[in-house]
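The structure file input_32.csv is reproduced below (CSV, C-alpha atoms).
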```
chain,number,residue,atom,x,y,z
A,1,MET,CA,50.7,-35.6,-40.2
A,2,LYS,CA,47.1,-36.7,-39.9
A,3,ILE,CA,44.5,-36.3,-42.6
A,4,THR,CA,42.2,-33.4,-41.7
A,5,PRO,CA,39.5,-31.6,-43.7
A,6,GLY,CA,41.9,-28.7,-44.0
A,7,ASN,CA,44.8,-30.7,-45.6
A,8,LEU,CA,42.7,-33.3,-47.5
A,9,THR,CA,43.3,-31.7,-50.9
A,10,ARG,CA,47.1,-31.9,-50.4
A,11,HIS,CA,47.1,-35.3,-48.6
A,12,GLU,CA,46.9,-38.9,-50.0
A,13,ILE,CA,43.5,-40.0,-51.2
A,14,ILE,CA,44.5,-43.4,-52.4
A,15,GLY,CA,43.1,-46.1,-50.1
A,16,MET,CA,40.3,-43.8,-48.8
A,17,GLU,CA,36.6,-44.5,-49.2
A,18,ALA,CA,34.9,-42.3,-51.7
A,19,HIS,CA,31.2,-41.8,-52.6
A,20,VAL,CA,30.4,-39.9,-55.9
A,21,VAL,CA,27.7,-37.4,-55.0
A,22,MET,CA,27.4,-35.5,-58.3
A,23,SER,CA,28.8,-36.2,-61.7
A,24,SER,CA,28.3,-35.2,-65.3
A,25,ASP,CA,27.9,-38.9,-66.0
A,26,PRO,CA,24.7,-40.1,-64.4
A,27,GLY,CA,26.0,-43.7,-64.3
A,28,HIS,CA,28.7,-42.7,-61.8
A,29,VAL,CA,26.4,-41.0,-59.3
A,30,CYS,CA,25.9,-42.8,-55.9
A,31,ARG,CA,28.8,-45.2,-56.7
A,32,ARG,CA,30.9,-46.0,-53.6
A,33,GLY,CA,34.2,-47.8,-53.0
A,34,LEU,CA,37.9,-47.5,-52.2
A,35,ILE,CA,40.2,-45.4,-54.3
A,36,ALA,CA,42.6,-47.6,-56.1
A,37,ASP,CA,44.5,-45.1,-58.2
A,38,GLU,CA,44.7,-41.5,-59.1
A,39,SER,CA,45.9,-39.6,-62.2
A,40,LYS,CA,45.8,-36.0,-63.2
A,41,GLU,CA,42.2,-35.9,-64.4
A,42,MET,CA,40.7,-39.1,-63.1
A,43,ILE,CA,40.1,-41.1,-59.9
A,44,HIS,CA,39.9,-44.9,-60.2
A,45,ILE,CA,37.4,-46.3,-57.7
A,46,SER,CA,37.1,-50.0,-57.1
A,47,THR,CA,33.4,-50.7,-56.3
A,48,GLU,CA,31.6,-53.9,-55.5
A,49,THR,CA,30.4,-54.2,-59.1
A,50,GLY,CA,33.8,-53.3,-60.8
A,51,ASN,CA,36.3,-50.6,-61.2
A,52,ILE,CA,35.2,-47.2,-62.5
A,53,MET,CA,37.1,-44.1,-63.6
A,54,VAL,CA,35.5,-40.9,-62.5
A,55,SER,CA,36.5,-37.5,-63.8
A,56,LYS,CA,37.7,-35.1,-61.1
A,57,MET,CA,36.7,-31.9,-62.9
A,58,THR,CA,33.0,-32.7,-63.3
A,59,SER,CA,32.3,-34.5,-60.0
A,60,VAL,CA,31.7,-34.0,-56.3
A,61,PHE,CA,33.0,-36.6,-53.8
A,62,ASP,CA,32.3,-37.5,-50.2
A,63,PHE,CA,35.5,-38.8,-48.6
A,64,THR,CA,35.5,-40.8,-45.3
A,65,LEU,CA,38.6,-39.9,-43.3
A,66,PRO,CA,40.3,-42.6,-41.1
A,67,ASN,CA,38.6,-41.1,-38.0
A,68,GLY,CA,35.1,-41.5,-39.6
A,69,THR,CA,34.5,-37.9,-40.6
A,70,VAL,CA,32.8,-37.4,-43.9
A,71,VAL,CA,34.1,-34.5,-46.0
A,72,ARG,CA,32.4,-33.3,-49.2
A,73,VAL,CA,35.0,-32.0,-51.8
A,74,ASP,CA,34.5,-30.5,-55.2
A,75,GLY,CA,36.6,-32.6,-57.6
A,76,HIS,CA,37.9,-29.4,-59.2
A,77,LYS,CA,40.0,-28.8,-56.1
A,78,LEU,CA,41.7,-32.2,-56.5
A,79,ARG,CA,42.9,-31.5,-60.0
A,80,GLY,CA,46.5,-32.3,-60.7
A,81,THR,CA,48.8,-35.3,-60.3
A,82,PRO,CA,49.2,-36.7,-56.7
A,83,GLU,CA,52.7,-35.3,-56.4
A,84,ASN,CA,51.8,-31.9,-57.6
A,85,ARG,CA,48.9,-31.4,-55.2
A,86,ILE,CA,51.3,-31.3,-52.2
A,87,LYS,CA,52.4,-27.7,-52.9
A,88,LYS,CA,49.0,-26.4,-54.1
A,89,ARG,CA,47.5,-23.6,-52.0
A,90,GLN,CA,43.7,-23.3,-51.9
A,91,SER,CA,42.2,-19.9,-52.0
A,92,ARG,CA,39.6,-19.7,-49.3
A,93,ARG,CA,36.6,-17.4,-49.1
A,94,TRP,CA,35.8,-17.6,-45.4
B,1,MET,CA,55.6,-8.8,-37.9
B,2,PRO,CA,55.3,-12.5,-37.3
B,3,LYS,CA,57.5,-14.6,-39.5
B,4,LYS,CA,55.6,-16.7,-42.0
B,5,ARG,CA,56.3,-20.4,-41.8
B,6,PRO,CA,58.1,-21.7,-44.9
B,7,ARG,CA,55.9,-23.8,-47.0
B,8,GLN,CA,58.6,-26.2,-48.0
B,9,SER,CA,58.9,-27.7,-44.5
B,10,GLU,CA,55.2,-28.3,-44.2
B,11,ALA,CA,55.2,-30.0,-47.6
B,12,LYS,CA,58.1,-32.2,-46.5
B,13,ARG,CA,56.2,-33.3,-43.4
B,14,LEU,CA,53.1,-34.0,-45.5
B,15,ALA,CA,55.2,-36.0,-48.0
B,16,ARG,CA,56.7,-38.1,-45.2
B,17,ALA,CA,53.2,-38.9,-43.9
B,18,ARG,CA,52.0,-39.8,-47.4
B,19,ILE,CA,55.0,-42.1,-48.0
B,20,LYS,CA,54.3,-43.8,-44.7
B,21,LEU,CA,50.6,-44.3,-45.6
B,22,LEU,CA,51.3,-45.6,-49.1
B,23,TRP,CA,54.0,-48.0,-47.8
B,24,LYS,CA,51.5,-49.3,-45.2
B,25,GLN,CA,48.9,-50.0,-47.9
B,26,ALA,CA,51.4,-51.4,-50.4
B,27,SER,CA,52.9,-53.9,-47.9
B,28,GLU,CA,49.4,-55.0,-46.9
B,29,ILE,CA,48.2,-55.8,-50.5
B,30,ALA,CA,51.6,-57.0,-51.8
B,31,LYS,CA,50.5,-60.6,-51.8
B,32,THR,CA,46.9,-60.2,-53.1
B,33,ASP,CA,47.4,-57.3,-55.6
B,34,PRO,CA,51.1,-56.9,-56.6
B,35,GLU,CA,50.3,-54.5,-59.4
B,36,GLY,CA,48.3,-52.2,-57.0
B,37,ALA,CA,51.2,-52.3,-54.5
B,38,ARG,CA,53.7,-51.4,-57.3
B,39,GLN,CA,51.5,-48.5,-58.4
B,40,ARG,CA,51.3,-47.1,-54.8
B,41,MET,CA,55.0,-47.2,-54.4
B,42,LYS,CA,55.5,-45.5,-57.7
B,43,VAL,CA,53.4,-42.6,-56.4
B,44,ALA,CA,55.4,-42.6,-53.2
B,45,PHE,CA,58.7,-42.2,-55.1
B,46,LYS,CA,57.2,-39.4,-57.2
B,47,VAL,CA,56.1,-37.6,-54.0
B,48,ALA,CA,59.5,-37.9,-52.5
B,49,GLN,CA,61.2,-36.6,-55.6
B,50,LYS,CA,58.9,-33.6,-55.8
B,51,VAL,CA,59.7,-32.3,-52.3
B,52,ARG,CA,63.3,-33.5,-52.4
B,53,ILE,CA,63.3,-36.0,-49.5
B,54,LYS,CA,64.6,-39.5,-49.4
B,55,VAL,CA,62.4,-42.6,-49.2
B,56,PRO,CA,63.5,-44.5,-46.0
B,57,GLN,CA,66.2,-47.1,-46.5
B,58,GLU,CA,64.1,-49.9,-44.9
B,59,ILE,CA,61.4,-49.3,-47.5
B,60,LYS,CA,63.8,-49.0,-50.4
B,61,LYS,CA,65.3,-52.4,-49.6
B,62,LYS,CA,61.9,-54.1,-50.0
B,63,ILE,CA,61.3,-52.8,-53.5
B,64,CYS,CA,62.9,-54.1,-56.8
B,65,ARG,CA,65.0,-51.4,-58.3
B,66,ARG,CA,64.3,-52.5,-61.9
B,67,CYS,CA,60.6,-53.3,-62.0
B,68,GLY,CA,59.3,-51.6,-58.8
B,69,MET,CA,57.6,-54.7,-57.3
B,70,VAL,CA,57.1,-54.9,-53.6
B,71,LEU,CA,59.3,-57.9,-52.6
B,72,VAL,CA,57.9,-60.5,-50.3
B,73,PRO,CA,60.5,-63.3,-49.5
B,74,GLY,CA,59.1,-66.7,-50.5
B,75,GLU,CA,56.4,-65.1,-52.7
B,76,ASN,CA,58.1,-63.1,-55.5
B,77,CYS,CA,61.7,-62.9,-54.4
B,78,ARG,CA,64.6,-65.3,-53.5
B,79,VAL,CA,66.9,-64.4,-50.6
B,80,ARG,CA,70.2,-66.3,-50.3
B,81,ILE,CA,73.4,-65.9,-48.2
B,82,ARG,CA,76.5,-66.3,-50.4
B,83,ASN,CA,80.1,-66.5,-49.5
B,84,ASN,CA,82.1,-65.8,-52.8
B,85,ARG,CA,85.0,-63.4,-52.1
B,86,SER,CA,83.2,-61.9,-49.2
B,87,LYS,CA,80.0,-62.7,-47.4
B,88,HIS,CA,76.9,-61.1,-48.9
B,89,LEU,CA,73.1,-61.4,-49.3
B,90,THR,CA,71.5,-61.7,-52.7
B,91,VAL,CA,67.9,-60.8,-53.3
B,92,THR,CA,66.5,-62.0,-56.7
B,93,CYS,CA,63.3,-60.6,-58.0
B,94,ILE,CA,61.5,-63.5,-59.6
B,95,ALA,CA,59.3,-61.2,-61.8
B,96,CYS,CA,62.2,-59.5,-63.6
B,97,GLY,CA,65.3,-61.4,-62.5
B,98,ASN,CA,67.1,-58.4,-61.1
B,99,ILE,CA,69.7,-59.3,-58.5
B,100,THR,CA,70.6,-57.0,-55.6
B,101,ARG,CA,73.6,-57.7,-53.4
B,102,TYR,CA,74.0,-56.5,-49.9
B,103,TYR,CA,77.6,-57.0,-48.6
B,104,VAL,CA,78.1,-57.8,-44.9
B,105,ARG,CA,81.0,-55.9,-43.4
```

Before anything else, please render the file you have as C-alpha coordinates.
Amino acid sequence: MKITPGNLTRHEIIGMEAHVVMSSDPGHVCRRGLIADESKEMIHISTETGNIMVSKMTSVFDFTLPNGTVVRVDGHKLRGTPENRIKKRQSRRW
Amino acid sequence: MPKKRPRQSEAKRLARARIKLLWKQASEIAKTDPEGARQRMKVAFKVAQKVRIKVPQEIKKKICRRCGMVLVPGENCRVRIRNNRSKHLTVTCIACGNITRYYVR
(Lines of atoms letter the chains of each structure in order from A and count residues from 1; the text may use other names and numbers.)
(Lines give C-alpha, C1' and ligand atoms only; values in the text may rest on other atoms or scores of the structure.)
Protein backbone atom coordinates (compact mmCIF):
# COMPACT_ATOMS: atom_id res chain seq x y z
CA MET A 1 0.00 0.00 0.00
CA LYS A 2 1.59 3.27 -1.13
CA ILE A 3 1.85 6.37 1.02
CA THR A 4 -0.71 8.96 -0.04
CA PRO A 5 -1.82 12.24 1.57
CA GLY A 6 -5.00 10.39 2.62
CA ASN A 7 -3.30 7.63 4.59
CA LEU A 8 -0.20 9.53 5.73
CA THR A 9 -1.42 9.85 9.32
CA ARG A 10 -1.84 6.05 9.53
CA HIS A 11 1.29 5.13 7.56
CA GLU A 12 4.96 4.93 8.51
CA ILE A 13 6.71 8.28 8.90
CA ILE A 14 10.11 6.93 9.99
CA GLY A 15 12.62 7.51 7.19
CA MET A 16 10.60 10.30 5.61
CA GLU A 17 11.95 13.82 5.11
CA ALA A 18 10.33 16.37 7.42
CA HIS A 19 10.43 20.15 7.69
CA VAL A 20 9.17 21.89 10.82
CA VAL A 21 6.92 24.74 9.66
CA MET A 22 5.54 25.93 12.98
CA SER A 23 6.44 25.06 16.52
CA SER A 24 5.95 26.43 20.01
CA ASP A 25 9.75 26.26 20.33
CA PRO A 26 11.22 28.92 18.01
CA GLY A 27 14.52 27.02 17.88
CA HIS A 28 12.87 24.13 16.01
CA VAL A 29 11.19 26.19 13.28
CA CYS A 30 12.62 25.70 9.76
CA ARG A 31 14.71 22.65 10.81
CA ARG A 32 14.76 19.94 8.15
CA GLY A 33 15.94 16.34 8.11
CA LEU A 34 15.08 12.64 8.06
CA ILE A 35 12.85 11.20 10.75
CA ALA A 36 14.96 8.79 12.81
CA ASP A 37 12.46 7.69 15.42
CA GLU A 38 8.99 8.35 16.73
CA SER A 39 7.36 8.09 20.14
CA LYS A 40 3.89 8.90 21.45
CA GLU A 41 4.48 12.62 21.86
CA MET A 42 7.75 13.30 20.03
CA ILE A 43 9.36 13.02 16.60
CA HIS A 44 13.15 12.56 16.47
CA ILE A 45 14.61 14.31 13.44
CA SER A 46 18.25 13.89 12.40
CA THR A 47 19.29 17.19 10.87
CA GLU A 48 22.63 18.27 9.45
CA THR A 49 23.56 20.00 12.71
CA GLY A 50 22.42 17.22 15.05
CA ASN A 51 19.43 15.31 16.28
CA ILE A 52 16.39 17.19 17.62
CA MET A 53 13.22 16.07 19.35
CA VAL A 54 10.13 17.97 18.25
CA SER A 55 6.81 17.83 20.07
CA LYS A 56 3.97 16.54 17.89
CA MET A 57 1.19 18.39 19.67
CA THR A 58 2.57 21.91 19.23
CA SER A 59 4.11 21.69 15.75
CA VAL A 60 3.16 21.65 12.08
CA PHE A 61 5.22 19.55 9.66
CA ASP A 62 5.84 19.39 5.92
CA PHE A 63 6.44 15.78 4.86
CA THR A 64 7.98 14.87 1.50
CA LEU A 65 6.41 11.64 0.21
CA PRO A 66 8.50 9.14 -1.83
CA ASN A 67 6.92 10.44 -5.06
CA GLY A 68 7.96 14.03 -4.27
CA THR A 69 4.64 15.41 -3.05
CA VAL A 70 4.86 17.75 -0.08
CA VAL A 71 2.07 17.40 2.48
CA ARG A 72 1.50 19.77 5.37
CA VAL A 73 0.23 17.99 8.48
CA ASP A 74 -0.77 19.34 11.87
CA GLY A 75 1.25 17.41 14.44
CA HIS A 76 -1.88 16.99 16.54
CA LYS A 77 -3.15 14.46 13.97
CA LEU A 78 -0.02 12.33 14.43
CA ARG A 79 -0.46 11.91 18.16
CA GLY A 80 -0.06 8.38 19.45
CA THR A 81 2.47 5.58 19.22
CA PRO A 82 3.34 4.36 15.69
CA GLU A 83 1.42 1.10 16.20
CA ASN A 84 -1.67 2.83 17.57
CA ARG A 85 -1.96 5.28 14.67
CA ILE A 86 -2.83 2.39 12.28
CA LYS A 87 -6.41 2.08 13.51
CA LYS A 88 -7.08 5.75 14.07
CA ARG A 89 -9.83 7.28 11.97
CA GLN A 90 -9.59 10.98 11.17
CA SER A 91 -12.73 13.08 11.25
CA ARG A 92 -12.84 15.16 8.08
CA ARG A 93 -14.73 18.39 7.59
CA TRP A 94 -14.86 18.44 3.80
CA MET B 1 -27.34 -0.62 1.27
CA PRO B 2 -23.68 -1.01 0.26
CA LYS B 3 -21.67 -3.12 2.60
CA LYS B 4 -19.05 -1.22 4.53
CA ARG B 5 -15.55 -2.56 4.07
CA PRO B 6 -14.16 -3.95 7.31
CA ARG B 7 -11.52 -1.71 8.81
CA GLN B 8 -9.41 -4.60 10.04
CA SER B 9 -8.48 -5.82 6.55
CA GLU B 10 -7.35 -2.34 5.53
CA ALA B 11 -5.29 -2.00 8.70
CA LYS B 12 -3.64 -5.35 7.93
CA ARG B 13 -2.72 -4.29 4.41
CA LEU B 14 -1.31 -1.04 5.78
CA ALA B 15 0.66 -2.91 8.43
CA ARG B 16 2.20 -5.27 5.84
CA ALA B 17 3.33 -2.25 3.81
CA ARG B 18 4.78 -0.61 6.91
CA ILE B 19 6.70 -3.73 7.92
CA LYS B 20 8.12 -4.01 4.40
CA LEU B 21 9.17 -0.36 4.46
CA LEU B 22 10.78 -0.62 7.89
CA TRP B 23 12.66 -3.80 6.94
CA LYS B 24 13.99 -2.13 3.80
CA GLN B 25 15.31 0.79 5.84
CA ALA B 26 16.69 -1.42 8.61
CA SER B 27 18.59 -3.70 6.25
CA GLU B 28 20.08 -0.69 4.48
CA ILE B 29 21.42 0.95 7.66
CA ALA B 30 22.27 -2.27 9.54
CA LYS B 31 26.02 -1.82 9.01
CA THR B 32 26.28 1.92 9.58
CA ASP B 33 23.70 2.41 12.35
CA PRO B 34 22.90 -0.92 14.08
CA GLU B 35 20.98 0.75 16.91
CA GLY B 36 18.75 2.63 14.43
CA ALA B 37 18.05 -0.61 12.54
CA ARG B 38 17.14 -2.34 15.81
CA GLN B 39 14.74 0.46 16.73
CA ARG B 40 13.02 0.24 13.32
CA MET B 41 12.47 -3.51 13.64
CA LYS B 42 11.15 -3.02 17.16
CA VAL B 43 8.46 -0.74 15.70
CA ALA B 44 7.76 -3.30 12.94
CA PHE B 45 7.13 -6.08 15.49
CA LYS B 46 4.84 -3.80 17.50
CA VAL B 47 2.83 -2.95 14.37
CA ALA B 48 2.47 -6.66 13.52
CA GLN B 49 1.32 -7.44 17.05
CA LYS B 50 -1.27 -4.67 17.00
CA VAL B 51 -3.10 -5.89 13.89
CA ARG B 52 -2.40 -9.58 14.60
CA ILE B 53 -0.33 -10.52 11.56
CA LYS B 54 2.96 -12.42 11.37
CA VAL B 55 6.27 -10.87 10.45
CA PRO B 56 7.53 -12.82 7.39
CA GLN B 57 9.82 -15.76 8.19
CA GLU B 58 12.64 -14.49 5.96
CA ILE B 59 12.76 -11.26 8.01
CA LYS B 60 12.53 -13.04 11.37
CA LYS B 61 15.54 -15.22 10.59
CA LYS B 62 17.73 -12.14 10.12
CA ILE B 63 16.96 -10.69 13.55
CA CYS B 64 18.39 -11.81 16.89
CA ARG B 65 15.61 -13.14 19.09
CA ARG B 66 17.27 -12.00 22.31
CA CYS B 67 18.57 -8.49 21.58
CA GLY B 68 16.70 -7.57 18.37
CA MET B 69 19.82 -6.73 16.35
CA VAL B 70 19.64 -6.99 12.57
CA LEU B 71 22.11 -9.80 11.80
CA VAL B 72 24.66 -9.30 9.03
CA PRO B 73 26.90 -12.38 8.52
CA GLY B 74 30.56 -11.45 8.89
CA GLU B 75 29.64 -8.19 10.59
CA ASN B 76 27.79 -8.92 13.83
CA CYS B 77 26.92 -12.62 13.59
CA ARG B 78 28.71 -15.93 12.99
CA VAL B 79 27.18 -18.60 10.72
CA ARG B 80 28.52 -22.17 10.91
CA ILE B 81 27.37 -25.53 9.54
CA ARG B 82 27.62 -28.20 12.25
CA ASN B 83 27.11 -31.92 12.15
CA ASN B 84 26.58 -33.10 15.74
CA ARG B 85 23.77 -35.65 15.94
CA SER B 86 22.12 -34.16 12.85
CA LYS B 87 23.15 -31.53 10.34
CA HIS B 88 22.29 -27.99 11.37
CA LEU B 89 23.17 -24.33 10.95
CA THR B 90 24.13 -22.22 13.96
CA VAL B 91 23.80 -18.44 13.91
CA THR B 92 25.58 -16.72 16.82
CA CYS B 93 24.84 -13.08 17.59
CA ILE B 94 28.19 -11.51 18.53
CA ALA B 95 26.53 -8.63 20.39
CA CYS B 96 24.70 -10.78 22.96
CA GLY B 97 25.96 -14.32 22.34
CA ASN B 98 22.57 -15.82 21.56
CA ILE B 99 22.72 -19.00 19.46
CA THR B 100 19.94 -19.97 17.05
CA ARG B 101 19.99 -23.43 15.44
CA TYR B 102 18.28 -24.31 12.17
CA TYR B 103 18.11 -28.06 11.61
CA VAL B 104 18.37 -29.40 8.07
CA ARG B 105 15.83 -32.10 7.30

Do me a favour and pick out the residues of chain A within 10 Å of chain B, using all atoms listed in the file, as an NGL selection string. :A and (1-3 or 7 or 10-15 or 36-39 or 81-89)

Atoms kept (C-alpha atoms) for selection, written as a short mmCIF file (atom, residue, chain, number, x, y, z; two decimals), in the coordinates of the input:
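Output (selection16.cif):
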```cif
data_model
loop_
_atom_site.label_atom_id
_atom_site.label_comp_id
_atom_site.auth_asym_id
_atom_site.auth_seq_id
_atom_site.Cartn_x
_atom_site.Cartn_y
_atom_site.Cartn_z
CA MET A 1 50.70 -35.60 -40.20
CA LYS A 2 47.10 -36.70 -39.90
CA ILE A 3 44.50 -36.30 -42.60
CA ASN A 7 44.80 -30.70 -45.60
CA ARG A 10 47.10 -31.90 -50.40
CA HIS A 11 47.10 -35.30 -48.60
CA GLU A 12 46.90 -38.90 -50.00
CA ILE A 13 43.50 -40.00 -51.20
CA ILE A 14 44.50 -43.40 -52.40
CA GLY A 15 43.10 -46.10 -50.10
CA ALA A 36 42.60 -47.60 -56.10
CA ASP A 37 44.50 -45.10 -58.20
CA GLU A 38 44.70 -41.50 -59.10
CA SER A 39 45.90 -39.60 -62.20
CA THR A 81 48.80 -35.30 -60.30
CA PRO A 82 49.20 -36.70 -56.70
CA GLU A 83 52.70 -35.30 -56.40
CA ASN A 84 51.80 -31.90 -57.60
CA ARG A 85 48.90 -31.40 -55.20
CA ILE A 86 51.30 -31.30 -52.20
CA LYS A 87 52.40 -27.70 -52.90
CA LYS A 88 49.00 -26.40 -54.10
CA ARG A 89 47.50 -23.60 -52.00
#
```

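Pairwise distance (CA of Gly68 in chain B, CA of Gly97 in chain B) equals 12.1 Å.
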
A:Ile45, A:Pro66, A:Gln90, A:Asp74: which is nearest Thr4 in chain A, counting only C-alpha atoms? A:Pro66

With distances taken over only C-alpha atoms, which residue among A:Val70, A:Lys40, A:Val54, A:Thr49 lies nearest His28 in chain A?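 Among the listed residues, the smallest separation from His28 in chain A belongs to A:Val54.
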
Could you pull out every residue with an atom within 9 Å of (36.5, -31.4, -64.9), file coordinates, counting all atoms listed in the file, and send them as an MDAnalysis selection string? chainID A and resid 41:42 55:59 75:76 79

Could you tell me how far CA of Ile63 in chain B sits from CA of Ser9 in chain B, in Å to one decimal place?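 Interatomic distance, CA of Ser9 in chain B to CA of Ile63 in chain B: 26.8 Å.
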
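For the pair CA of Cys67 in chain B and CA of Val104 in chain B, the interatomic distance is 24.9 Å.
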
Residues near range 31-35 of chain A, cut-off 10 Å, only C-alpha atoms, skip fewer than 4 positions along chain, as a list in words: Ile13, Ile14, Gly15, Met16, Glu17, Ala18, His19, Val20, Val21, Met22, Gly27, Ile43, His44, Ile45, Ser46, Thr47, Glu48, Thr49, Gly50, Asn51, Ile52, Met53, Val54, Phe61, Asp62, Phe63 and Thr64 of chain A

Those residues with C-alpha atoms, as a PDB file, keeping the file's coordinate frame please?
```pdb
ATOM      1  CA  ILE A  13      43.500 -40.000 -51.200  1.00  0.00           C
ATOM      2  CA  ILE A  14      44.500 -43.400 -52.400  1.00  0.00           C
ATOM      3  CA  GLY A  15      43.100 -46.100 -50.100  1.00  0.00           C
ATOM      4  CA  MET A  16      40.300 -43.800 -48.800  1.00  0.00           C
ATOM      5  CA  GLU A  17      36.600 -44.500 -49.200  1.00  0.00           C
ATOM      6  CA  ALA A  18      34.900 -42.300 -51.700  1.00  0.00           C
ATOM      7  CA  HIS A  19      31.200 -41.800 -52.600  1.00  0.00           C
ATOM      8  CA  VAL A  20      30.400 -39.900 -55.900  1.00  0.00           C
ATOM      9  CA  VAL A  21      27.700 -37.400 -55.000  1.00  0.00           C
ATOM     10  CA  MET A  22      27.400 -35.500 -58.300  1.00  0.00           C
ATOM     11  CA  GLY A  27      26.000 -43.700 -64.300  1.00  0.00           C
ATOM     12  CA  ILE A  43      40.100 -41.100 -59.900  1.00  0.00           C
ATOM     13  CA  HIS A  44      39.900 -44.900 -60.200  1.00  0.00           C
ATOM     14  CA  ILE A  45      37.400 -46.300 -57.700  1.00  0.00           C
ATOM     15  CA  SER A  46      37.100 -50.000 -57.100  1.00  0.00           C
ATOM     16  CA  THR A  47      33.400 -50.700 -56.300  1.00  0.00           C
ATOM     17  CA  GLU A  48      31.600 -53.900 -55.500  1.00  0.00           C
ATOM     18  CA  THR A  49      30.400 -54.200 -59.100  1.00  0.00           C
ATOM     19  CA  GLY A  50      33.800 -53.300 -60.800  1.00  0.00           C
ATOM     20  CA  ASN A  51      36.300 -50.600 -61.200  1.00  0.00           C
ATOM     21  CA  ILE A  52      35.200 -47.200 -62.500  1.00  0.00           C
ATOM     22  CA  MET A  53      37.100 -44.100 -63.600  1.00  0.00           C
ATOM     23  CA  VAL A  54      35.500 -40.900 -62.500  1.00  0.00           C
ATOM     24  CA  PHE A  61      33.000 -36.600 -53.800  1.00  0.00           C
ATOM     25  CA  ASP A  62      32.300 -37.500 -50.200  1.00  0.00           C
ATOM     26  CA  PHE A  63      35.500 -38.800 -48.600  1.00  0.00           C
ATOM     27  CA  THR A  64      35.500 -40.800 -45.300  1.00  0.00           C
TER      28      THR A  64
END
```

Of the listed residues B:Ile81, B:Cys64, B:Val70, B:Ile94, that which approaches Arg38 in chain B most closely, counting all atoms listed in the file: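 Distance minimum relative to Arg38 in chain B lands on B:Val70.
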
Protein/DNA/RNA residues near (76.6, -53.4, -51.5), cut 10 Å, all atoms listed in the file, as an mmCIF file with C-alpha atoms, in the coordinates of the input:
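Final output, point19.cif:
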```cif
data_model
loop_
_atom_site.group_PDB
_atom_site.id
_atom_site.type_symbol
_atom_site.label_atom_id
_atom_site.label_comp_id
_atom_site.auth_asym_id
_atom_site.auth_seq_id
_atom_site.Cartn_x
_atom_site.Cartn_y
_atom_site.Cartn_z
ATOM 1 C CA HIS B 88 76.900 -61.100 -48.900
ATOM 2 C CA LEU B 89 73.100 -61.400 -49.300
ATOM 3 C CA THR B 90 71.500 -61.700 -52.700
ATOM 4 C CA THR B 100 70.600 -57.000 -55.600
ATOM 5 C CA ARG B 101 73.600 -57.700 -53.400
ATOM 6 C CA TYR B 102 74.000 -56.500 -49.900
ATOM 7 C CA TYR B 103 77.600 -57.000 -48.600
ATOM 8 C CA VAL B 104 78.100 -57.800 -44.900
ATOM 9 C CA ARG B 105 81.000 -55.900 -43.400
#
```

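Of the listed residues (A:Leu8, A:Arg92, A:Ser24, A:Cys30), A:Leu8 comes nearest to Thr69 in chain A; the distances count only C-alpha atoms.
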
Taking all atoms of range 76-90 of chain A that the file lists and extending 5 Å past them on each side, where is the centre of the axis-aligned box and how long are its edges? Answer in Å to one decimal, as JSON.
```
{"center_x": 45.3, "center_y": -30.0, "center_z": -56.3, "size_x": 24.8, "size_y": 23.4, "size_z": 18.8}
```

Ser91 in chain A environment, 12 Å, only C-alpha atoms, sequence neighbours closer than 2 positions dropped, as a list in words: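 Counting only C-alpha atoms, the residues come to Gly6, Thr9, Lys77, Lys88, Arg89, Arg93 and Trp94 of chain A.
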
Any chance you could export the current selection's C-alpha atoms as a PDB file, in the frame of the given file?
```pdb
ATOM      1  CA  GLY A   6      41.900 -28.700 -44.000  1.00  0.00           C
ATOM      2  CA  THR A   9      43.300 -31.700 -50.900  1.00  0.00           C
ATOM      3  CA  LYS A  77      40.000 -28.800 -56.100  1.00  0.00           C
ATOM      4  CA  LYS A  88      49.000 -26.400 -54.100  1.00  0.00           C
ATOM      5  CA  ARG A  89      47.500 -23.600 -52.000  1.00  0.00           C
ATOM      6  CA  ARG A  93      36.600 -17.400 -49.100  1.00  0.00           C
ATOM      7  CA  TRP A  94      35.800 -17.600 -45.400  1.00  0.00           C
TER       8      TRP A  94
END
```

Give me the residues within 12 Å of Gly74 in chain B as JSON, numbers by chain, counting only C-alpha atoms and dropping any in the same chain fewer than 2 places off. {"B": [31, 71, 72, 76, 77, 78, 79, 80, 91, 92, 93, 94]}
